[in-house]
$ cat final_38.pdb   # PDB, C-alpha atoms
ATOM      1  CA  MET A 559     -10.428  39.305  60.303
ATOM      2  CA  ALA A 560      -8.239  38.053  63.150
ATOM      3  CA  VAL A 561      -8.191  40.660  65.912
ATOM      4  CA  THR A 562      -5.622  40.971  68.684
ATOM      5  CA  ILE A 563      -5.118  43.240  71.692
ATOM      6  CA  ARG A 564      -1.498  44.329  71.797
ATOM      7  CA  LEU A 565       0.942  47.121  72.582
ATOM      8  CA  ARG A 566       1.726  49.958  70.187
ATOM      9  CA  ARG A 567       5.033  51.731  70.897
ATOM     10  CA  ASP A 568       5.142  55.487  71.287
ATOM     11  CA  GLY A 569       7.662  57.747  72.958
ATOM     12  CA  ALA A 570      11.192  58.825  72.193
ATOM     13  CA  LYS A 571      14.345  56.770  71.858
ATOM     14  CA  ASN A 572      15.246  55.145  75.209
ATOM     15  CA  SER A 573      11.952  56.392  76.647
ATOM     16  CA  PRO A 574       9.290  53.887  75.613
ATOM     17  CA  TYR A 575       5.599  54.500  76.168
ATOM     18  CA  TYR A 576       2.979  52.041  74.996
ATOM     19  CA  ARG A 577      -0.670  52.269  74.063
ATOM     20  CA  ILE A 578      -2.884  49.214  74.405
ATOM     21  CA  VAL A 579      -4.769  48.866  71.137
ATOM     22  CA  VAL A 580      -7.137  46.499  69.401
ATOM     23  CA  ALA A 581      -5.788  45.818  65.921
ATOM     24  CA  ASP A 582      -5.917  43.412  63.025
ATOM     25  CA  LYS A 583      -3.386  40.649  63.594
ATOM     26  CA  HIS A 584      -1.667  41.329  60.267
ATOM     27  CA  SER A 585      -1.228  45.091  60.617
ATOM     28  CA  PRO A 586       2.212  46.451  61.612
ATOM     29  CA  ARG A 587       3.049  47.129  65.269
ATOM     30  CA  ASP A 588       2.651  50.890  64.935
ATOM     31  CA  GLY A 589       0.145  50.769  62.083
ATOM     32  CA  LYS A 590      -3.626  51.104  61.930
ATOM     33  CA  PHE A 591      -5.709  50.002  64.882
ATOM     34  CA  LEU A 592      -9.408  49.636  65.608
ATOM     35  CA  GLU A 593      -9.596  51.082  69.114
ATOM     36  CA  LEU A 594      -7.333  52.504  71.816
ATOM     37  CA  ILE A 595      -8.211  50.930  75.174
ATOM     38  CA  GLY A 596      -5.343  51.869  77.478
ATOM     39  CA  THR A 597      -1.783  52.936  78.155
ATOM     40  CA  TYR A 598       1.337  51.423  79.703
ATOM     41  CA  ASP A 599       4.458  53.278  80.852
ATOM     42  CA  PRO A 600       7.228  50.837  81.864
ATOM     43  CA  LYS A 601       9.452  53.670  83.180
ATOM     44  CA  LYS A 602       7.024  54.502  86.013
ATOM     45  CA  LYS A 603       7.262  52.486  89.217
ATOM     46  CA  ASP A 604       3.840  51.902  90.769
ATOM     47  CA  ASP A 605       0.695  52.771  88.859
ATOM     48  CA  ASN A 606       2.123  52.472  85.357
ATOM     49  CA  SER A 607      -0.886  51.323  83.336
ATOM     50  CA  SER A 608      -4.511  52.204  82.738
ATOM     51  CA  VAL A 609      -6.973  50.015  80.865
ATOM     52  CA  LYS A 610     -10.635  50.340  79.969
ATOM     53  CA  LEU A 611     -11.615  46.917  81.282
ATOM     54  CA  ASP A 612     -15.154  47.082  79.891
ATOM     55  CA  ARG A 613     -13.852  47.614  76.342
ATOM     56  CA  ALA A 614     -11.183  44.942  76.758
ATOM     57  CA  ASP A 615     -13.817  42.451  77.939
ATOM     58  CA  HIS A 616     -16.046  43.421  75.009
ATOM     59  CA  TRP A 617     -13.296  42.684  72.486
ATOM     60  CA  ILE A 618     -12.231  39.452  74.209
ATOM     61  CA  LYS A 619     -15.859  38.309  74.257
ATOM     62  CA  ASN A 620     -16.006  38.955  70.506
ATOM     63  CA  GLY A 621     -12.904  36.876  69.783
ATOM     64  CA  ALA A 622      -9.892  39.175  70.194
ATOM     65  CA  LEU A 623      -6.787  37.500  71.595
ATOM     66  CA  PRO A 624      -4.593  39.535  73.971
ATOM     67  CA  SER A 625      -0.808  39.276  73.719
ATOM     68  CA  ASP A 626       1.064  37.838  76.704
ATOM     69  CA  THR A 627       2.072  41.273  78.007
ATOM     70  CA  VAL A 628      -1.431  42.680  77.612
ATOM     71  CA  ARG A 629      -2.868  39.611  79.346
ATOM     72  CA  SER A 630      -0.665  40.301  82.378
ATOM     73  CA  LEU A 631      -1.610  44.012  82.331
ATOM     74  CA  LEU A 632      -5.311  43.099  82.223
ATOM     75  CA  LYS A 633      -4.833  40.689  85.123
ATOM     76  CA  ARG A 634      -3.110  43.417  87.161
ATOM     77  CA  ALA A 635      -5.828  45.970  86.282
ATOM     78  CA  ARG A 636      -8.591  43.552  87.318
ATOM     79  CA  ALA A 637      -6.851  42.883  90.638
ATOM     80  CA  LYS A 638      -6.476  46.624  91.233
ATOM     81  CA  ALA A 639     -10.156  47.208  90.408
ATOM     82  CA  ALA A 640     -11.256  44.402  92.750
ATOM     83  CA  LYS A 641      -9.064  45.780  95.515
ATOM     84  CA  ALA A 642     -10.504  49.275  95.054
ATOM     85  CA  GLU A 643     -14.033  47.855  95.047
ATOM     86  CA  THR A 644     -13.530  45.994  98.328
ATOM     87  CA  ALA A 645     -11.896  49.050  99.903
ATOM     88  CA  THR A 646     -14.929  51.232  99.167
ATOM     89  CA  ALA A 647     -17.457  48.592 100.275
TER      90      ALA A 647
END
$ encode --input "final_38.pdb" --output "structure tokens"
Amino acid sequence: MAVTIRLRRDGAKNSPYYRIVVADKHSPRDGKFLELIGTYDPKKKDDNSSVKLDRADHWIKNGALPSDTVRSLLKRARAKAAKAETATA
């Protein structure tokens, strides 16, 4: 089974809200998924996403491929986590 990490659209018309899910590559965009690992709200300005980085790393280590948008969200989340870690140290 080919697994991918991608966005699943939720929310009302003209008010999108996305969930970051791990799903089979061949399932529909809003269809079945294996695990919910985060959220993304493009309407918010600053802190508009949250991701469980440990679960994302687990799935990537086991062969899941993130979509381009999810890859950029993971990169931003890792930078935010590193910044928070250095601020507390």
$ residues_around --input "final_38.pdb" --residues "segment 565-569 of chain A" --least-positions-apart "4" --cutoff "10 Å" --atoms "only C-alpha atoms" --output "PyMOL selection string"
chain A and resi 573-581+586-591+594+596-599+624-625+627-628
$ resolve_selection --input "final_38.pdb" --expression "the PyMOL selection byres ((chain A and resi 617) around 12)" --output "PDB file with C-alpha atoms, in the frame of the given file"
ATOM      1  CA  ALA A 560      -8.239  38.053  63.150  1.00  0.00           C
ATOM      2  CA  VAL A 561      -8.191  40.660  65.912  1.00  0.00           C
ATOM      3  CA  THR A 562      -5.622  40.971  68.684  1.00  0.00           C
ATOM      4  CA  ILE A 563      -5.118  43.240  71.692  1.00  0.00           C
ATOM      5  CA  ARG A 564      -1.498  44.329  71.797  1.00  0.00           C
ATOM      6  CA  VAL A 579      -4.769  48.866  71.137  1.00  0.00           C
ATOM      7  CA  VAL A 580      -7.137  46.499  69.401  1.00  0.00           C
ATOM      8  CA  ALA A 581      -5.788  45.818  65.921  1.00  0.00           C
ATOM      9  CA  LEU A 592      -9.408  49.636  65.608  1.00  0.00           C
ATOM     10  CA  GLU A 593      -9.596  51.082  69.114  1.00  0.00           C
ATOM     11  CA  LEU A 594      -7.333  52.504  71.816  1.00  0.00           C
ATOM     12  CA  ILE A 595      -8.211  50.930  75.174  1.00  0.00           C
ATOM     13  CA  LYS A 610     -10.635  50.340  79.969  1.00  0.00           C
ATOM     14  CA  LEU A 611     -11.615  46.917  81.282  1.00  0.00           C
ATOM     15  CA  ASP A 612     -15.154  47.082  79.891  1.00  0.00           C
ATOM     16  CA  ARG A 613     -13.852  47.614  76.342  1.00  0.00           C
ATOM     17  CA  ALA A 614     -11.183  44.942  76.758  1.00  0.00           C
ATOM     18  CA  ASP A 615     -13.817  42.451  77.939  1.00  0.00           C
ATOM     19  CA  HIS A 616     -16.046  43.421  75.009  1.00  0.00           C
ATOM     20  CA  ILE A 618     -12.231  39.452  74.209  1.00  0.00           C
ATOM     21  CA  LYS A 619     -15.859  38.309  74.257  1.00  0.00           C
ATOM     22  CA  ASN A 620     -16.006  38.955  70.506  1.00  0.00           C
ATOM     23  CA  GLY A 621     -12.904  36.876  69.783  1.00  0.00           C
ATOM     24  CA  ALA A 622      -9.892  39.175  70.194  1.00  0.00           C
ATOM     25  CA  LEU A 623      -6.787  37.500  71.595  1.00  0.00           C
ATOM     26  CA  PRO A 624      -4.593  39.535  73.971  1.00  0.00           C
TER      27      PRO A 624
END
$ resolve_selection --input "final_38.pdb" --expression "the PyMOL selection byres ((chain A and resi 636) around 12)" --output "PyMOL selection string"
chain A and resi 607-612+614-615+629-635+637-643
$ closest_residue --input "final_38.pdb" --among "A:Met559, A:Ala645, A:Asp605, A:Asp626" --to "Asp582 of chain A" --atoms "all atoms listed in the file"
A:Met559
